[in-house]
file model16.cif (mmCIF, C-alpha atoms)
data_coords
#
loop_
_atom_site.group_PDB
_atom_site.id
_atom_site.type_symbol
_atom_site.label_atom_id
_atom_site.label_comp_id
_atom_site.auth_asym_id
_atom_site.auth_seq_id
_atom_site.Cartn_x
_atom_site.Cartn_y
_atom_site.Cartn_z
ATOM 1 C CA MET A 1 97.645 -63.600 119.431
ATOM 2 C CA LEU A 2 94.048 -63.883 120.588
ATOM 3 C CA ALA A 3 95.268 -65.788 123.652
ATOM 4 C CA SER A 4 97.826 -63.035 124.256
ATOM 5 C CA ALA A 5 95.111 -60.381 124.062
ATOM 6 C CA GLY A 6 93.043 -62.320 126.590
ATOM 7 C CA LEU A 7 95.948 -62.523 129.039
ATOM 8 C CA GLN A 8 96.674 -58.814 128.639
ATOM 9 C CA GLN A 9 93.049 -57.992 129.312
ATOM 10 C CA LEU A 10 93.139 -60.127 132.476
ATOM 11 C CA ALA A 11 96.201 -58.157 133.606
ATOM 12 C CA ALA A 12 94.330 -54.885 133.023
ATOM 13 C CA VAL A 13 91.375 -56.182 135.027
ATOM 14 C CA GLN A 14 93.684 -57.009 137.936
ATOM 15 C CA ARG A 15 95.008 -53.457 137.976
ATOM 16 C CA TRP A 16 91.919 -51.370 137.317
ATOM 17 C CA ALA A 17 88.976 -53.499 138.461
ATOM 18 C CA VAL A 18 90.522 -55.474 141.334
ATOM 19 C CA ALA A 19 93.322 -53.345 142.810
ATOM 20 C CA GLY A 20 91.844 -49.979 141.810
ATOM 21 C CA PRO A 21 88.974 -49.916 144.324
ATOM 22 C CA ILE A 22 91.336 -51.127 147.067
ATOM 23 C CA LEU A 23 94.208 -48.696 146.498
ATOM 24 C CA GLY A 24 92.047 -45.810 145.313
ATOM 25 C CA GLU A 25 91.349 -44.387 141.869
ATOM 26 C CA GLN A 26 94.145 -41.824 142.057
ATOM 27 C CA ALA A 27 96.763 -44.097 143.587
ATOM 28 C CA ILE A 28 96.359 -46.918 141.055
ATOM 29 C CA GLU A 29 97.113 -44.496 138.206
ATOM 30 C CA ASP A 30 100.652 -43.996 139.511
ATOM 31 C CA HIS A 31 103.369 -45.243 137.163
ATOM 32 C CA ARG A 32 104.808 -47.502 139.845
ATOM 33 C CA TYR A 33 101.966 -49.891 139.016
ATOM 34 C CA ASP A 34 102.730 -49.846 135.286
ATOM 35 C CA TYR A 35 103.682 -53.357 134.242
ATOM 36 C CA SER A 36 104.297 -52.818 130.516
ATOM 37 C CA TRP A 37 108.026 -52.360 131.224
ATOM 38 C CA PRO A 38 108.674 -52.804 134.964
ATOM 39 C CA SER A 39 111.261 -50.322 136.232
ATOM 40 C CA ASP A 40 112.147 -48.993 139.684
ATOM 41 C CA PRO A 41 110.161 -48.020 141.637
ATOM 42 C CA TRP A 42 107.643 -50.735 140.740
ATOM 43 C CA GLU A 43 104.958 -52.797 142.436
ATOM 44 C CA ASN A 44 103.318 -55.768 140.780
ATOM 45 C CA VAL A 45 99.522 -55.758 141.009
ATOM 46 C CA GLY A 46 98.412 -59.337 141.527
ATOM 47 C CA SER A 47 99.959 -61.321 138.693
ATOM 48 C CA ALA A 48 99.640 -58.566 136.084
ATOM 49 C CA GLY A 49 103.336 -58.677 135.214
ATOM 50 C CA GLN A 50 103.311 -62.422 134.626
ATOM 51 C CA LEU A 51 100.131 -62.293 132.538
ATOM 52 C CA LEU A 52 101.444 -59.525 130.309
ATOM 53 C CA GLY A 53 104.818 -61.235 129.997
ATOM 54 C CA ILE A 54 103.303 -64.523 128.872
ATOM 55 C CA GLY A 55 101.147 -62.558 126.449
ATOM 56 C CA HIS A 56 104.220 -60.914 124.900
ATOM 57 C CA LEU A 57 105.969 -64.277 124.608
ATOM 58 C CA LEU A 58 102.930 -65.630 122.762
ATOM 59 C CA VAL A 59 103.092 -62.668 120.372
ATOM 60 C CA ALA A 60 106.770 -63.429 119.698
ATOM 61 C CA LEU A 61 105.883 -67.030 118.844
ATOM 62 C CA ALA A 62 102.947 -65.879 116.713
ATOM 63 C CA VAL A 63 105.180 -63.582 114.656
ATOM 64 C CA LEU A 64 107.670 -66.397 114.079
ATOM 65 C CA ALA A 65 104.852 -68.711 112.993
ATOM 66 C CA ALA A 66 103.099 -66.098 110.847
ATOM 67 C CA VAL A 67 106.189 -65.292 108.808
ATOM 68 C CA GLY A 68 107.758 -68.745 108.856
ATOM 69 C CA PRO A 69 111.355 -69.767 108.097
ATOM 70 C CA GLY A 70 112.996 -69.770 104.691
ATOM 71 C CA ARG A 71 112.036 -66.214 103.768
ATOM 72 C CA ARG A 72 114.332 -63.845 101.885
ATOM 73 C CA ARG A 73 116.873 -62.038 104.027
ATOM 74 C CA PRO A 74 115.083 -58.688 104.705
ATOM 75 C CA VAL A 75 111.931 -60.479 105.859
ATOM 76 C CA ALA A 76 113.932 -62.936 107.970
ATOM 77 C CA VAL A 77 115.826 -60.099 109.673
ATOM 78 C CA MET A 78 112.669 -58.113 110.494
ATOM 79 C CA ARG A 79 110.985 -61.307 111.715
ATOM 80 C CA THR A 80 113.875 -61.954 114.099
ATOM 81 C CA VAL A 81 113.972 -58.361 115.362
ATOM 82 C CA VAL A 82 110.231 -58.258 116.103
ATOM 83 C CA ALA A 83 110.209 -61.660 117.797
ATOM 84 C CA ALA A 84 113.284 -60.761 119.866
ATOM 85 C CA ALA A 85 111.711 -57.467 120.960
ATOM 86 C CA PHE A 86 108.501 -59.081 122.176
ATOM 87 C CA GLY A 87 110.532 -61.909 123.683
ATOM 88 C CA CYS A 88 112.593 -59.442 125.746
ATOM 89 C CA LEU A 89 109.467 -57.580 126.847
ATOM 90 C CA GLY A 90 107.815 -60.822 127.847
ATOM 91 C CA LEU A 91 110.806 -62.275 129.665
ATOM 92 C CA HIS A 92 111.376 -59.053 131.605
ATOM 93 C CA ALA A 93 107.724 -58.781 132.648
ATOM 94 C CA VAL A 94 107.395 -62.446 133.651
ATOM 95 C CA LEU A 95 110.606 -62.532 135.689
ATOM 96 C CA SER A 96 109.876 -59.158 137.285
ATOM 97 C CA GLY A 97 106.451 -60.405 138.324
ATOM 98 C CA ILE A 98 107.879 -63.598 139.797
ATOM 99 C CA LEU A 99 110.679 -61.776 141.622
ATOM 100 C CA GLY A 100 108.462 -58.899 142.724
ATOM 101 C CA ALA A 101 111.048 -56.420 141.429
ATOM 102 C CA PRO A 102 112.294 -55.303 138.003
ATOM 103 C CA THR A 103 115.013 -57.478 136.481
ATOM 104 C CA ILE A 104 118.372 -56.243 135.250
ATOM 105 C CA LEU A 105 116.818 -55.954 131.772
ATOM 106 C CA GLN A 106 115.230 -52.659 132.810
ATOM 107 C CA ALA A 107 118.589 -50.925 132.374
ATOM 108 C CA MET A 108 120.150 -53.030 129.597
ATOM 109 C CA LEU A 109 120.650 -50.951 126.456
ATOM 110 C CA PRO A 110 120.190 -53.832 123.944
ATOM 111 C CA ALA A 111 116.785 -54.706 125.392
ATOM 112 C CA VAL A 112 115.695 -51.068 125.385
ATOM 113 C CA LEU A 113 116.906 -50.582 121.803
ATOM 114 C CA LEU A 114 115.027 -53.686 120.678
ATOM 115 C CA GLY A 115 111.845 -52.262 122.156
ATOM 116 C CA LEU A 116 112.374 -48.957 120.362
ATOM 117 C CA VAL A 117 113.195 -50.625 117.036
ATOM 118 C CA ALA A 118 110.173 -52.962 117.151
ATOM 119 C CA PRO A 119 107.627 -50.482 115.659
ATOM 120 C CA THR A 120 109.883 -49.757 112.681
ATOM 121 C CA ALA A 121 110.569 -53.461 112.190
ATOM 122 C CA LEU A 122 106.843 -54.248 112.272
ATOM 123 C CA LEU A 123 106.118 -51.564 109.694
ATOM 124 C CA ALA A 124 108.930 -52.823 107.466
ATOM 125 C CA LEU A 125 107.688 -56.389 107.842
ATOM 126 C CA ALA A 126 104.180 -55.288 106.865
ATOM 127 C CA VAL A 127 105.496 -53.600 103.716
ATOM 128 C CA LEU A 128 107.573 -56.655 102.772
ATOM 129 C CA VAL A 129 104.666 -59.122 103.015
ATOM 130 C CA ALA A 130 101.854 -56.819 101.866
ATOM 131 C CA ARG A 131 101.828 -58.018 98.255
ATOM 132 C CA THR A 132 101.564 -61.728 99.056
ATOM 133 C CA SER A 133 99.705 -61.538 102.391
ATOM 134 C CA PRO A 134 97.660 -58.334 102.798
ATOM 135 C CA LEU A 135 95.901 -59.459 105.963
ATOM 136 C CA ARG A 136 99.197 -60.505 107.495
ATOM 137 C CA ALA A 137 100.518 -57.029 106.744
ATOM 138 C CA VAL A 138 97.464 -55.522 108.446
ATOM 139 C CA SER A 139 98.152 -57.726 111.469
ATOM 140 C CA PHE A 140 101.723 -56.455 111.752
ATOM 141 C CA VAL A 141 100.582 -52.833 111.502
ATOM 142 C CA LEU A 142 98.022 -53.417 114.253
ATOM 143 C CA LEU A 143 100.739 -54.938 116.446
ATOM 144 C CA ILE A 144 102.437 -51.543 116.516
ATOM 145 C CA GLY A 145 99.661 -50.687 118.965
ATOM 146 C CA SER A 146 101.347 -52.951 121.515
ATOM 147 C CA THR A 147 104.754 -51.253 121.225
ATOM 148 C CA LEU A 148 105.910 -48.057 122.952
ATOM 149 C CA PRO A 149 104.369 -45.633 120.406
ATOM 150 C CA GLY A 150 101.099 -47.552 120.561
ATOM 151 C CA TYR A 151 101.130 -47.477 124.348
ATOM 152 C CA LEU A 152 101.678 -43.709 124.357
ATOM 153 C CA VAL A 153 98.822 -43.153 121.906
ATOM 154 C CA ALA A 154 96.628 -45.392 124.042
ATOM 155 C CA THR A 155 97.349 -43.598 127.317
ATOM 156 C CA PHE A 156 97.280 -40.013 126.000
ATOM 157 C CA ALA A 157 94.584 -40.206 123.310
ATOM 158 C CA ILE A 158 92.442 -43.339 123.052
ATOM 159 C CA ALA A 159 92.005 -44.266 126.729
ATOM 160 C CA PRO A 160 91.124 -40.676 127.795
ATOM 161 C CA ALA A 161 88.530 -40.533 125.015
ATOM 162 C CA LEU A 162 87.002 -43.795 126.234
ATOM 163 C CA VAL A 163 86.975 -43.068 129.983
ATOM 164 C CA GLY A 164 86.236 -39.370 129.586
ATOM 165 C CA SER A 165 89.233 -37.982 131.471
ATOM 166 C CA GLN A 166 93.000 -37.561 131.280
ATOM 167 C CA SER A 167 95.076 -39.034 134.101
ATOM 168 C CA TYR A 168 97.889 -37.235 135.886
ATOM 169 C CA ASP A 169 99.980 -40.334 135.109
ATOM 170 C CA THR A 170 98.549 -43.504 133.503
ATOM 171 C CA THR A 171 94.993 -43.241 132.198
ATOM 172 C CA PRO A 172 92.731 -46.059 133.437
ATOM 173 C CA TRP A 173 92.368 -49.038 131.106
ATOM 174 C CA THR A 174 95.254 -48.007 128.870
ATOM 175 C CA GLU A 175 96.397 -51.627 128.800
ATOM 176 C CA SER A 176 92.965 -52.725 127.569
ATOM 177 C CA VAL A 177 93.378 -50.496 124.520
ATOM 178 C CA VAL A 178 96.720 -52.162 123.827
ATOM 179 C CA ALA A 179 95.137 -55.594 124.294
ATOM 180 C CA ALA A 180 92.459 -54.654 121.764
ATOM 181 C CA ALA A 181 95.149 -53.902 119.171
ATOM 182 C CA VAL A 182 96.647 -57.351 119.741
ATOM 183 C CA ALA A 183 93.198 -58.944 119.472
ATOM 184 C CA LEU A 184 92.576 -57.215 116.137
ATOM 185 C CA ALA A 185 95.987 -58.364 114.903
ATOM 186 C CA GLY A 186 95.113 -61.918 115.854
ATOM 187 C CA ALA A 187 91.722 -61.634 114.171
ATOM 188 C CA ALA A 188 93.418 -60.535 110.931
ATOM 189 C CA LEU A 189 95.673 -63.603 110.993
ATOM 190 C CA LEU A 190 92.712 -65.846 111.775
ATOM 191 C CA LEU A 191 90.737 -64.385 108.867
ATOM 192 C CA GLU A 192 93.673 -64.945 106.530
ATOM 193 C CA ALA A 193 93.930 -68.584 107.632
ATOM 194 C CA LEU A 194 90.188 -69.047 107.114
ATOM 195 C CA ILE A 195 90.287 -67.559 103.612
ATOM 196 C CA ARG A 196 93.282 -69.728 102.713
ATOM 197 C CA SER A 197 91.512 -72.843 103.996
ATOM 198 C CA ILE A 198 88.376 -72.075 101.965
ATOM 199 C CA ALA A 199 90.472 -71.435 98.847
ATOM 200 C CA GLN A 200 92.349 -74.720 99.269
ATOM 201 C CA ARG A 201 89.112 -76.656 99.664
ATOM 202 C CA ALA A 202 87.639 -74.978 96.613
ATOM 203 C CA ALA A 203 90.748 -75.830 94.590
ATOM 204 C CA ALA A 204 90.500 -79.475 95.681
ATOM 205 C CA VAL A 205 86.919 -79.913 94.412
ATOM 206 C CA PRO A 206 87.811 -80.335 90.689
ATOM 207 C CA HIS A 207 90.333 -83.055 91.591
ATOM 208 C CA ARG A 208 87.657 -85.014 93.431
ATOM 209 C CA ASP A 209 85.285 -84.600 90.489
ATOM 210 C CA ARG A 210 87.869 -86.182 88.188
ATOM 211 C CA SER A 211 88.304 -89.231 90.414
ATOM 212 C CA PRO A 212 87.522 -92.711 88.934
ATOM 213 C CA GLY A 213 84.347 -92.982 90.957
ATOM 214 C CA ALA A 214 83.080 -89.646 89.698
ATOM 215 C CA ALA A 215 83.942 -90.556 86.091
ATOM 216 C CA ALA A 216 82.124 -93.907 86.326
ATOM 217 C CA SER A 217 78.978 -92.249 87.605
#
call {"tool": "encode", "arguments": {"input": "model16.cif", "output": "C-alpha cells"}}
result
Amino acid sequence: MLASAGLQQLAAVQRWAVAGPILGEQAIEDHRYDYSWPSDPWENVGSAGQLLGIGHLLVALAVLAAVGPGRRRPVAVMRTVVAAAFGCLGLHAVLSGILGAPTILQAMLPAVLLGLVAPTALLALAVLVARTSPLRAVSFVLLIGSTLPGYLVATFAIAPALVGSQSYDTTPWTESVVAAAVALAGAALLLEALIRSIAQRAAAVPHRDRSPGAAAS
C-alpha cells in the first residue's frame, strides 16, 4: 500500500505541479483532467491515469494478502468485493491512460456498483477483523479515504482547508489527500507486521534457552 500511495502522489504531482503551470491554475481544475475514474470528456495528464491505476491494483493485491485465504465466509466475501472494486478502478484507469480515452468500463453498471459498494465492504471487513487484528481494521477504515466518499470529502473539505480555497470544480491536490489515506493504511499494516514479528521473536527466546547447549552451560 505504501508503494500505491507513492504512485498516487506521483500522479498528483503530474497534474498539479507539472501540468498546472502549463495549462493554467483554473484550467487544470476542470473535471476533464480528473483521473480517479476517467469518463468522457477526459484528457490524461502525463501518465497520471496509469500511475493511479497501478496504485489501485496494488491496493487490491494488498487487501487480498492482508486478509488471506481460508477465512470464514463473511470475511471472504468482503475481501473479494473490496479487491474486485479496486481491481476494476485500477484496470479502468490503466487502460484509459494507455488508450488516451476512457474504456467501456466507464458506463458498465457492475463496475460502477462495485465502486459504490467498496466503502461499505471495507467498513464491514474492518468490523469482522477488529477483534483479532485491530491495526488491520484501522487500515481498512483508512482505505475508505480512497473510495468515492473519501474522494468527495477530500475535494470538498480537506483539500480546501489545506490549500486555503475552494475550487469551482476539483480542488488542487485532492488526489494527494487520497494518497495520504492509502499511505496511513499501509503504515497501519506495516506496524501490525512489525509488532507480530517482535512478538514471535520474543516467544522463541524461551525455546532457545531450553536448548541442550543452554542447559549444559
call {"tool": "closest_atom_pairs", "arguments": {"input": "model16.cif", "of": "stretch 9-98 of chain A", "to": "stretch 103-115 of chain A", "cutoff": "6 Å", "atoms": "all atoms listed in the file", "output": "tab-separated table"}}
result
residue	atom	partner	partner_atom	distance
A:Ser39	CA	A:Gln106	CA	5.7
A:Ala85	CA	A:Leu114	CA	5.0
A:Ser96	CA	A:Thr103	CA	5.5
call {"tool": "closest_atom_pairs", "arguments": {"input": "model16.cif", "of": "stretch 73-149 of chain A", "to": "stretch 156-177 of chain A", "cutoff": "12 Å", "atoms": "only C-alpha atoms", "output": "CSV"}}
result
residue,atom,partner,partner_atom,distance
A:Leu142,CA,A:Val177,CA,11.6
A:Leu143,CA,A:Val177,CA,11.8
A:Gly145,CA,A:Val177,CA,8.4
A:Ser146,CA,A:Val177,CA,8.9
A:Thr147,CA,A:Glu175,CA,11.3
A:Leu148,CA,A:Glu175,CA,11.7
A:Pro149,CA,A:Phe156,CA,10.6
call {"tool": "closest_residue", "arguments": {"input": "model16.cif", "among": "A:Gln14, A:Thr132, A:Gln200, A:Thr155", "to": "A:Asn44", "atoms": "only C-alpha atoms"}}
result
A:Gln14
call {"tool": "atom_distance", "arguments": {"input": "model16.cif", "atom1": "atom CA of A:Val117", "atom2": "atom CA of A:Glu192"}}
result
26.4 Å
call {"tool": "residues_around", "arguments": {"input": "model16.cif", "residues": "A:Ala126", "least_positions_apart": "5", "cutoff": "12 Å", "atoms": "only C-alpha atoms", "output": "VMD selection string"}}
result
chain A and resid 63 66 to 67 74 to 75 78 to 79 82 119 to 121 131 to 144 185
call {"tool": "closest_residue", "arguments": {"input": "model16.cif", "among": "A:Ser197, A:Ser4, A:Gln26, A:Thr80", "to": "A:Leu51", "atoms": "all atoms listed in the file"}}
result
A:Ser4
call {"tool": "closest_residue", "arguments": {"input": "model16.cif", "among": "A:Ala179, A:Ala48, A:Met1, A:Val127", "to": "A:Gly100", "atoms": "all atoms listed in the file"}}
result
A:Ala48
call {"tool": "atom_distance", "arguments": {"input": "model16.cif", "atom1": "atom CA of A:Ala180", "atom2": "atom CA of A:Ala5"}}
result
6.7 Å
